$ cat upload.txt   # compact mmCIF, N, CA and C atoms
# COMPACT_ATOMS: atom_id res chain seq x y z
N MET A 251 -133.90 -80.09 -16.91
CA MET A 251 -134.06 -81.51 -16.73
C MET A 251 -133.03 -82.00 -15.73
N ARG A 252 -133.49 -82.81 -14.79
CA ARG A 252 -132.63 -83.36 -13.74
C ARG A 252 -132.53 -84.88 -13.90
N ILE A 253 -131.32 -85.36 -14.10
CA ILE A 253 -131.06 -86.79 -14.25
C ILE A 253 -130.00 -87.19 -13.24
N ILE A 254 -130.21 -88.32 -12.58
CA ILE A 254 -129.20 -88.85 -11.67
C ILE A 254 -128.75 -90.22 -12.17
N ILE A 255 -127.46 -90.44 -12.04
CA ILE A 255 -126.86 -91.74 -12.31
C ILE A 255 -126.58 -92.39 -10.96
N ILE A 256 -127.09 -93.59 -10.77
CA ILE A 256 -126.87 -94.34 -9.54
C ILE A 256 -126.10 -95.61 -9.91
N ASN A 257 -124.93 -95.75 -9.33
CA ASN A 257 -124.08 -96.92 -9.57
C ASN A 257 -123.99 -97.79 -8.33
N GLY A 258 -123.98 -99.08 -8.55
CA GLY A 258 -123.91 -100.05 -7.47
C GLY A 258 -122.51 -100.54 -7.18
N PRO A 259 -122.43 -101.73 -6.58
CA PRO A 259 -121.19 -102.23 -6.01
C PRO A 259 -120.07 -102.42 -7.03
N ASN A 260 -118.89 -102.06 -6.57
CA ASN A 260 -117.62 -102.23 -7.28
C ASN A 260 -117.43 -101.28 -8.46
N LEU A 261 -118.43 -100.48 -8.78
CA LEU A 261 -118.26 -99.54 -9.89
C LEU A 261 -117.39 -98.36 -9.49
N ASN A 262 -117.12 -98.22 -8.20
CA ASN A 262 -116.13 -97.24 -7.74
C ASN A 262 -114.72 -97.64 -8.15
N LEU A 263 -114.55 -98.86 -8.62
CA LEU A 263 -113.24 -99.36 -9.04
C LEU A 263 -113.02 -99.28 -10.54
N LEU A 264 -113.96 -98.64 -11.26
CA LEU A 264 -113.76 -98.51 -12.71
C LEU A 264 -112.43 -97.82 -12.98
N GLY A 265 -111.76 -98.29 -14.02
CA GLY A 265 -110.42 -97.80 -14.34
C GLY A 265 -109.34 -98.69 -13.76
N LYS A 266 -109.68 -99.45 -12.72
CA LYS A 266 -108.75 -100.37 -12.09
C LYS A 266 -109.23 -101.81 -12.20
N ARG A 267 -110.53 -101.99 -12.11
CA ARG A 267 -111.14 -103.33 -12.05
C ARG A 267 -111.30 -103.92 -13.44
N GLU A 268 -110.76 -105.08 -13.66
CA GLU A 268 -110.95 -105.82 -14.91
C GLU A 268 -111.02 -104.91 -16.13
N PRO A 269 -109.94 -104.25 -16.47
CA PRO A 269 -109.99 -103.30 -17.59
C PRO A 269 -110.37 -103.93 -18.92
N ASP A 270 -110.14 -105.25 -19.06
CA ASP A 270 -110.55 -105.92 -20.29
C ASP A 270 -112.07 -105.99 -20.41
N VAL A 271 -112.78 -105.93 -19.31
CA VAL A 271 -114.25 -105.95 -19.31
C VAL A 271 -114.80 -104.53 -19.20
N TYR A 272 -114.22 -103.71 -18.30
CA TYR A 272 -114.81 -102.42 -17.95
C TYR A 272 -114.05 -101.21 -18.46
N GLY A 273 -112.89 -101.40 -19.09
CA GLY A 273 -112.12 -100.29 -19.63
C GLY A 273 -111.18 -99.69 -18.60
N ASN A 274 -110.48 -98.64 -19.02
CA ASN A 274 -109.43 -98.02 -18.20
C ASN A 274 -109.84 -96.68 -17.59
N GLN A 275 -111.01 -96.18 -17.91
CA GLN A 275 -111.41 -94.85 -17.45
C GLN A 275 -112.19 -94.94 -16.15
N THR A 276 -111.93 -94.01 -15.24
CA THR A 276 -112.72 -93.94 -14.01
C THR A 276 -114.09 -93.37 -14.33
N PHE A 277 -115.06 -93.69 -13.48
CA PHE A 277 -116.38 -93.13 -13.72
C PHE A 277 -116.39 -91.63 -13.47
N GLU A 278 -115.61 -91.18 -12.51
CA GLU A 278 -115.55 -89.75 -12.21
C GLU A 278 -115.09 -88.96 -13.43
N ASP A 279 -114.08 -89.46 -14.14
CA ASP A 279 -113.62 -88.79 -15.37
C ASP A 279 -114.69 -88.82 -16.45
N TYR A 280 -115.37 -89.96 -16.58
CA TYR A 280 -116.43 -90.06 -17.58
C TYR A 280 -117.59 -89.13 -17.24
N PHE A 281 -117.90 -88.99 -15.96
CA PHE A 281 -118.99 -88.12 -15.54
C PHE A 281 -118.70 -86.66 -15.91
N VAL A 282 -117.46 -86.23 -15.77
CA VAL A 282 -117.07 -84.88 -16.19
C VAL A 282 -117.32 -84.71 -17.69
N HIS A 283 -117.00 -85.73 -18.46
CA HIS A 283 -117.27 -85.72 -19.91
C HIS A 283 -118.76 -85.52 -20.18
N LEU A 284 -119.61 -86.24 -19.46
CA LEU A 284 -121.06 -86.10 -19.65
C LEU A 284 -121.52 -84.68 -19.30
N GLN A 285 -121.03 -84.17 -18.18
CA GLN A 285 -121.40 -82.81 -17.78
C GLN A 285 -120.99 -81.77 -18.81
N GLN A 286 -119.81 -81.94 -19.38
CA GLN A 286 -119.33 -80.99 -20.39
C GLN A 286 -120.13 -81.08 -21.69
N ASN A 287 -120.52 -82.29 -22.06
CA ASN A 287 -121.25 -82.49 -23.32
C ASN A 287 -122.74 -82.21 -23.21
N TYR A 288 -123.28 -82.17 -22.00
CA TYR A 288 -124.71 -81.91 -21.79
C TYR A 288 -124.90 -80.84 -20.72
N PRO A 289 -124.43 -79.62 -20.99
CA PRO A 289 -124.46 -78.56 -19.96
C PRO A 289 -125.88 -78.11 -19.59
N ASP A 290 -126.86 -78.38 -20.44
CA ASP A 290 -128.23 -77.96 -20.15
C ASP A 290 -128.99 -78.96 -19.28
N ILE A 291 -128.36 -80.07 -18.96
CA ILE A 291 -128.97 -81.08 -18.11
C ILE A 291 -128.29 -81.03 -16.75
N GLU A 292 -129.09 -80.97 -15.70
CA GLU A 292 -128.55 -81.04 -14.34
C GLU A 292 -128.28 -82.51 -14.02
N LEU A 293 -127.02 -82.87 -14.05
CA LEU A 293 -126.63 -84.26 -13.81
C LEU A 293 -126.11 -84.43 -12.39
N ALA A 294 -126.55 -85.50 -11.75
CA ALA A 294 -126.05 -85.86 -10.43
C ALA A 294 -125.55 -87.30 -10.50
N PHE A 295 -124.71 -87.64 -9.55
CA PHE A 295 -124.12 -88.98 -9.53
C PHE A 295 -124.05 -89.48 -8.09
N TYR A 296 -124.36 -90.77 -7.92
CA TYR A 296 -124.30 -91.41 -6.62
C TYR A 296 -123.79 -92.84 -6.81
N GLN A 297 -122.92 -93.29 -5.92
CA GLN A 297 -122.43 -94.66 -5.96
C GLN A 297 -122.40 -95.22 -4.56
N SER A 298 -122.82 -96.48 -4.42
CA SER A 298 -122.71 -97.16 -3.14
C SER A 298 -122.50 -98.65 -3.39
N ASN A 299 -121.77 -99.25 -2.46
CA ASN A 299 -121.59 -100.70 -2.47
C ASN A 299 -122.63 -101.39 -1.60
N ILE A 300 -123.53 -100.60 -1.01
CA ILE A 300 -124.47 -101.12 -0.02
C ILE A 300 -125.90 -101.08 -0.59
N GLU A 301 -126.53 -102.23 -0.64
CA GLU A 301 -127.87 -102.38 -1.23
C GLU A 301 -128.89 -101.41 -0.62
N GLY A 302 -128.96 -101.35 0.68
CA GLY A 302 -129.94 -100.48 1.33
C GLY A 302 -129.74 -99.01 1.02
N GLU A 303 -128.49 -98.59 0.88
CA GLU A 303 -128.21 -97.19 0.53
C GLU A 303 -128.68 -96.89 -0.89
N ILE A 304 -128.56 -97.84 -1.79
CA ILE A 304 -129.05 -97.66 -3.16
C ILE A 304 -130.57 -97.54 -3.15
N ILE A 305 -131.23 -98.38 -2.39
CA ILE A 305 -132.69 -98.30 -2.26
C ILE A 305 -133.09 -96.95 -1.67
N ASP A 306 -132.41 -96.52 -0.62
CA ASP A 306 -132.71 -95.21 -0.03
C ASP A 306 -132.57 -94.09 -1.05
N LYS A 307 -131.52 -94.12 -1.87
CA LYS A 307 -131.29 -93.07 -2.86
C LYS A 307 -132.38 -93.10 -3.93
N ILE A 308 -132.76 -94.28 -4.38
CA ILE A 308 -133.85 -94.39 -5.37
C ILE A 308 -135.12 -93.79 -4.80
N GLN A 309 -135.44 -94.11 -3.56
CA GLN A 309 -136.65 -93.55 -2.93
C GLN A 309 -136.54 -92.04 -2.75
N GLU A 310 -135.36 -91.56 -2.42
CA GLU A 310 -135.14 -90.12 -2.19
C GLU A 310 -135.35 -89.31 -3.47
N VAL A 311 -134.82 -89.79 -4.59
CA VAL A 311 -134.85 -89.01 -5.83
C VAL A 311 -135.98 -89.42 -6.77
N GLY A 312 -136.63 -90.53 -6.50
CA GLY A 312 -137.58 -91.13 -7.42
C GLY A 312 -138.87 -90.37 -7.64
N PHE A 313 -139.08 -89.30 -6.90
CA PHE A 313 -140.26 -88.45 -7.11
C PHE A 313 -139.84 -87.02 -7.45
N LEU A 314 -138.53 -86.78 -7.54
CA LEU A 314 -138.01 -85.44 -7.75
C LEU A 314 -137.29 -85.26 -9.08
N PHE A 315 -136.63 -86.31 -9.56
CA PHE A 315 -135.81 -86.21 -10.77
C PHE A 315 -136.62 -86.62 -11.99
N ASP A 316 -136.20 -86.11 -13.15
CA ASP A 316 -136.86 -86.44 -14.41
C ASP A 316 -136.47 -87.81 -14.93
N GLY A 317 -135.40 -88.35 -14.40
CA GLY A 317 -134.98 -89.68 -14.81
C GLY A 317 -133.83 -90.19 -13.98
N ILE A 318 -133.73 -91.51 -13.94
CA ILE A 318 -132.66 -92.19 -13.21
C ILE A 318 -131.99 -93.16 -14.18
N ILE A 319 -130.67 -93.08 -14.24
CA ILE A 319 -129.87 -94.07 -14.96
C ILE A 319 -129.27 -94.95 -13.88
N LEU A 320 -129.64 -96.23 -13.88
CA LEU A 320 -129.28 -97.13 -12.78
C LEU A 320 -128.43 -98.28 -13.29
N ASN A 321 -127.21 -98.36 -12.78
CA ASN A 321 -126.38 -99.53 -12.95
C ASN A 321 -126.23 -100.15 -11.58
N ALA A 322 -127.10 -101.07 -11.26
CA ALA A 322 -127.08 -101.71 -9.94
C ALA A 322 -126.01 -102.79 -9.85
N ALA A 323 -125.26 -102.98 -10.94
CA ALA A 323 -124.16 -103.94 -10.97
C ALA A 323 -124.66 -105.31 -10.51
N ALA A 324 -123.93 -105.99 -9.64
CA ALA A 324 -124.30 -107.35 -9.23
C ALA A 324 -125.67 -107.40 -8.56
N TYR A 325 -126.11 -106.30 -7.94
CA TYR A 325 -127.44 -106.30 -7.31
C TYR A 325 -128.56 -106.43 -8.33
N THR A 326 -128.27 -106.14 -9.58
CA THR A 326 -129.27 -106.33 -10.64
C THR A 326 -129.82 -107.74 -10.61
N HIS A 327 -128.95 -108.69 -10.34
CA HIS A 327 -129.28 -110.10 -10.47
C HIS A 327 -129.73 -110.74 -9.16
N THR A 328 -129.69 -109.96 -8.07
CA THR A 328 -129.99 -110.55 -6.76
C THR A 328 -130.99 -109.76 -5.93
N SER A 329 -131.20 -108.48 -6.24
CA SER A 329 -131.93 -107.62 -5.30
C SER A 329 -133.38 -107.40 -5.71
N ILE A 330 -134.25 -108.14 -5.07
CA ILE A 330 -135.68 -107.90 -5.24
C ILE A 330 -136.02 -106.52 -4.66
N GLY A 331 -135.31 -106.12 -3.61
CA GLY A 331 -135.55 -104.82 -2.98
C GLY A 331 -135.30 -103.65 -3.91
N ILE A 332 -134.22 -103.69 -4.68
CA ILE A 332 -133.95 -102.61 -5.64
C ILE A 332 -135.00 -102.64 -6.75
N GLY A 333 -135.36 -103.83 -7.21
CA GLY A 333 -136.43 -103.94 -8.21
C GLY A 333 -137.73 -103.36 -7.70
N ASP A 334 -138.08 -103.63 -6.45
CA ASP A 334 -139.30 -103.08 -5.85
C ASP A 334 -139.22 -101.56 -5.71
N ALA A 335 -138.04 -101.04 -5.37
CA ALA A 335 -137.87 -99.59 -5.25
C ALA A 335 -138.10 -98.92 -6.60
N VAL A 336 -137.59 -99.49 -7.66
CA VAL A 336 -137.79 -98.94 -9.00
C VAL A 336 -139.28 -98.95 -9.35
N LYS A 337 -139.96 -100.01 -8.98
CA LYS A 337 -141.41 -100.12 -9.25
C LYS A 337 -142.22 -99.09 -8.46
N ALA A 338 -141.73 -98.71 -7.28
CA ALA A 338 -142.49 -97.85 -6.37
C ALA A 338 -142.42 -96.36 -6.70
N ILE A 339 -141.49 -95.93 -7.54
CA ILE A 339 -141.27 -94.50 -7.77
C ILE A 339 -141.92 -94.03 -9.07
N ASN A 340 -141.95 -92.71 -9.25
CA ASN A 340 -142.52 -92.11 -10.46
C ASN A 340 -141.48 -91.85 -11.54
N SER A 341 -140.25 -91.55 -11.17
CA SER A 341 -139.21 -91.22 -12.15
C SER A 341 -138.91 -92.44 -13.02
N PRO A 342 -138.84 -92.24 -14.33
CA PRO A 342 -138.47 -93.36 -15.19
C PRO A 342 -137.02 -93.75 -14.97
N VAL A 343 -136.76 -95.05 -15.08
CA VAL A 343 -135.44 -95.61 -14.84
C VAL A 343 -134.97 -96.32 -16.10
N ILE A 344 -133.73 -96.02 -16.50
CA ILE A 344 -133.06 -96.78 -17.55
C ILE A 344 -132.01 -97.64 -16.87
N GLU A 345 -132.12 -98.94 -17.05
CA GLU A 345 -131.13 -99.86 -16.51
C GLU A 345 -129.95 -99.91 -17.48
N VAL A 346 -128.74 -99.79 -16.93
CA VAL A 346 -127.53 -99.72 -17.74
C VAL A 346 -126.52 -100.75 -17.24
N HIS A 347 -125.82 -101.35 -18.19
CA HIS A 347 -124.68 -102.21 -17.87
C HIS A 347 -123.56 -101.92 -18.85
N ILE A 348 -122.36 -101.81 -18.34
CA ILE A 348 -121.19 -101.50 -19.16
C ILE A 348 -120.86 -102.69 -20.07
N SER A 349 -120.88 -103.88 -19.51
CA SER A 349 -120.58 -105.08 -20.30
C SER A 349 -121.88 -105.67 -20.83
N ASN A 350 -121.73 -106.56 -21.80
CA ASN A 350 -122.90 -107.30 -22.29
C ASN A 350 -123.14 -108.44 -21.32
N THR A 351 -124.08 -108.25 -20.43
CA THR A 351 -124.33 -109.25 -19.39
C THR A 351 -124.78 -110.59 -19.97
N PHE A 352 -125.32 -110.57 -21.18
CA PHE A 352 -125.81 -111.81 -21.79
C PHE A 352 -124.68 -112.63 -22.42
N SER A 353 -123.48 -112.06 -22.51
CA SER A 353 -122.34 -112.81 -23.01
C SER A 353 -121.45 -113.30 -21.86
N ARG A 354 -121.93 -113.09 -20.66
CA ARG A 354 -121.17 -113.46 -19.47
C ARG A 354 -121.84 -114.64 -18.76
N GLU A 355 -121.56 -114.83 -17.49
CA GLU A 355 -122.10 -115.96 -16.74
C GLU A 355 -123.62 -115.96 -16.76
N THR A 356 -124.20 -117.14 -16.71
CA THR A 356 -125.65 -117.29 -16.82
C THR A 356 -126.39 -116.52 -15.74
N PHE A 357 -125.85 -116.45 -14.53
CA PHE A 357 -126.57 -115.73 -13.46
C PHE A 357 -126.75 -114.26 -13.78
N ARG A 358 -125.92 -113.71 -14.68
CA ARG A 358 -126.04 -112.30 -15.05
C ARG A 358 -127.15 -112.05 -16.07
N HIS A 359 -127.81 -113.10 -16.54
CA HIS A 359 -128.89 -112.94 -17.51
C HIS A 359 -130.20 -112.55 -16.84
N GLN A 360 -130.31 -112.71 -15.54
CA GLN A 360 -131.51 -112.38 -14.77
C GLN A 360 -131.42 -110.95 -14.24
N SER A 361 -132.49 -110.18 -14.38
CA SER A 361 -132.54 -108.84 -13.81
C SER A 361 -133.85 -108.64 -13.06
N TYR A 362 -133.74 -108.16 -11.82
CA TYR A 362 -134.93 -107.80 -11.05
C TYR A 362 -135.35 -106.35 -11.30
N ILE A 363 -134.57 -105.64 -12.10
CA ILE A 363 -134.85 -104.24 -12.41
C ILE A 363 -135.60 -104.11 -13.74
N SER A 364 -135.19 -104.87 -14.73
CA SER A 364 -135.72 -104.75 -16.10
C SER A 364 -137.24 -104.71 -16.19
N PRO A 365 -137.98 -105.55 -15.45
CA PRO A 365 -139.44 -105.52 -15.60
C PRO A 365 -140.09 -104.18 -15.24
N ASN A 366 -139.38 -103.37 -14.46
CA ASN A 366 -139.93 -102.09 -14.03
C ASN A 366 -139.19 -100.89 -14.62
N ALA A 367 -138.25 -101.14 -15.51
CA ALA A 367 -137.47 -100.07 -16.13
C ALA A 367 -138.13 -99.60 -17.42
N LYS A 368 -137.87 -98.36 -17.76
CA LYS A 368 -138.32 -97.80 -19.03
C LYS A 368 -137.60 -98.49 -20.18
N GLY A 369 -136.32 -98.84 -19.96
CA GLY A 369 -135.52 -99.52 -20.97
C GLY A 369 -134.25 -100.05 -20.36
N VAL A 370 -133.52 -100.82 -21.18
CA VAL A 370 -132.28 -101.46 -20.74
C VAL A 370 -131.24 -101.27 -21.83
N ILE A 371 -130.03 -100.85 -21.43
CA ILE A 371 -128.92 -100.68 -22.35
C ILE A 371 -127.74 -101.47 -21.80
N VAL A 372 -127.24 -102.41 -22.61
CA VAL A 372 -126.14 -103.26 -22.15
C VAL A 372 -125.05 -103.35 -23.22
N GLY A 373 -123.81 -103.39 -22.76
CA GLY A 373 -122.72 -103.79 -23.61
C GLY A 373 -122.00 -102.73 -24.42
N PHE A 374 -122.26 -101.46 -24.17
CA PHE A 374 -121.61 -100.41 -24.95
C PHE A 374 -120.55 -99.67 -24.14
N GLY A 375 -120.01 -100.32 -23.13
CA GLY A 375 -119.01 -99.68 -22.29
C GLY A 375 -119.61 -98.48 -21.57
N LEU A 376 -118.78 -97.53 -21.22
CA LEU A 376 -119.28 -96.33 -20.54
C LEU A 376 -120.25 -95.55 -21.42
N LYS A 377 -120.16 -95.72 -22.72
CA LYS A 377 -121.09 -95.07 -23.66
C LYS A 377 -122.55 -95.46 -23.34
N SER A 378 -122.74 -96.58 -22.65
CA SER A 378 -124.09 -97.00 -22.27
C SER A 378 -124.81 -95.92 -21.47
N TYR A 379 -124.05 -95.20 -20.63
CA TYR A 379 -124.65 -94.13 -19.82
C TYR A 379 -125.12 -92.99 -20.72
N GLU A 380 -124.33 -92.64 -21.70
CA GLU A 380 -124.72 -91.55 -22.60
C GLU A 380 -125.92 -91.94 -23.44
N LEU A 381 -125.99 -93.19 -23.87
CA LEU A 381 -127.16 -93.67 -24.62
C LEU A 381 -128.41 -93.59 -23.75
N ALA A 382 -128.27 -93.93 -22.48
CA ALA A 382 -129.40 -93.81 -21.55
C ALA A 382 -129.80 -92.34 -21.39
N LEU A 383 -128.83 -91.48 -21.26
CA LEU A 383 -129.10 -90.05 -21.13
C LEU A 383 -129.84 -89.53 -22.35
N LEU A 384 -129.40 -89.93 -23.51
CA LEU A 384 -130.05 -89.50 -24.76
C LEU A 384 -131.50 -89.97 -24.82
N SER A 385 -131.80 -91.09 -24.20
CA SER A 385 -133.19 -91.62 -24.23
C SER A 385 -134.16 -90.70 -23.50
N PHE A 386 -133.64 -89.86 -22.61
CA PHE A 386 -134.51 -88.93 -21.88
C PHE A 386 -134.75 -87.63 -22.65
N LEU A 387 -133.94 -87.38 -23.65
CA LEU A 387 -134.08 -86.14 -24.44
C LEU A 387 -135.12 -86.34 -25.53
N LYS A 388 -135.91 -85.32 -25.76
CA LYS A 388 -136.97 -85.44 -26.78
C LYS A 388 -136.67 -84.59 -27.96
$ encode --input "upload.txt" --output "structure tokens"
Amino acid sequence: MRIIIINGPNLNLLGKREPDVYGNQTFEDYFVHLQQNYPDIELAFYQSNIEGEIIDKIQEVGFLFDGIILNAAAYTHTSIGIGDAVKAINSPVIEVHISNTFSRETFRHQSYISPNAKGVIVGFGLKSYELALLSFLK
């Protein structure tokens, strides 16, 4: 099974950025944890702060991978293009958010990804990624 995690803008700053919201661990360290705990799954990881690069990656892997875990971060609430890319591919997508977006600013309550995602996981910190990963296992 091949699963890719795609992270959007500012998630490269995990461990440094707003630790009260996002925690103290870097995503790279957490990704090693996932790889160690799920050795039978081929896990890949991609991060970009650029909307078009995220769309390109979704299109690139969206017909090859068994699943995509997507945290589009702020683009979740603004990018019709990323939402359309998710709609256009065959690979199922789980939308993930580290924080509970519904307990934050009102603009974070809107998602252009959710209508085309297999599911949405919000508010469980980095554990949200593992919950998404588990959703692909049968």
$ atom_distance --input "upload.txt" --atom1 "atom N of A:Asp316" --atom2 "atom N of A:Ile253"
5.0 Å
$ residues_around --input "upload.txt" --residues "A:Leu263" --least-positions-apart "3" --cutoff "8 Å" --atoms "only N, CA and C atoms" --output "list in words"
Pro259, Asn260, Lys266, Arg267, Glu268, Gln275, Thr276 and Phe277 of chain A
$ residues_around --input "upload.txt" --residues "A:Ala324" --least-positions-apart "4" --cutoff "10 Å" --atoms "only C-alpha atoms" --output "PyMOL selection string"
chain A and resi 258-261+299+328-329+357-358+361
$ select_by_dssp --input "upload.txt" --residues "chain A" --states "strand (DSSP E)" --output "list of chain:residue names"
A:Arg252, A:Ile253, A:Ile254, A:Ile255, A:Ile256, A:Asn257, A:Glu292, A:Leu293, A:Ala294, A:Phe295, A:Tyr296, A:Gln297, A:Gly317, A:Ile318, A:Ile319, A:Leu320, A:Asn321, A:Val343, A:Ile344, A:Glu345, A:Val346, A:His347, A:Gly369, A:Val370, A:Ile371, A:Val372
$ axis_aligned_box --input "upload.txt" --around "stretch 306-315 of chain A" --padding-each-side "8 Å" --output "lines of an AutoDock Vina configuration file"
center_x = -135.8
center_y = -90.9
center_z = -6.0
size_x = 25.0
size_y = 27.3
size_z = 28.0
$ atom_distance --input "upload.txt" --atom1 "atom C of A:Ser378" --atom2 "atom CA of A:Asn321"
9.4 Å
$ closest_residue --input "upload.txt" --among "A:Ser349, A:Gln360, A:Ser341, A:Gln286" --to "A:Leu376" --atoms "only C-alpha atoms"
A:Ser349
$ atom_distance --input "upload.txt" --atom1 "atom CA of A:Gly333" --atom2 "atom C of A:Leu293"
22.5 Å
$ residues_near_point --input "upload.txt" --point "(-122.0, -102.0, -14.7)" --cutoff "6.5 Å" --atoms "all atoms listed in the file" --output "JSON, numbers by chain"
{"A": [321, 322, 323, 346, 347, 348, 349]}
$ select_by_dssp --input "upload.txt" --residues "stretch 266-385 of chain A" --states "alpha helix (DSSP H)" --output "NGL selection string"
:A and (269-272 or 277-287 or 301-311 or 330-338 or 377-385)
$ residues_around --input "upload.txt" --residues "A:Asn257" --least-positions-apart "5" --cutoff "5 Å" --atoms "only N, CA and C atoms" --output "VMD selection string"
chain A and resid 296 to 298 321
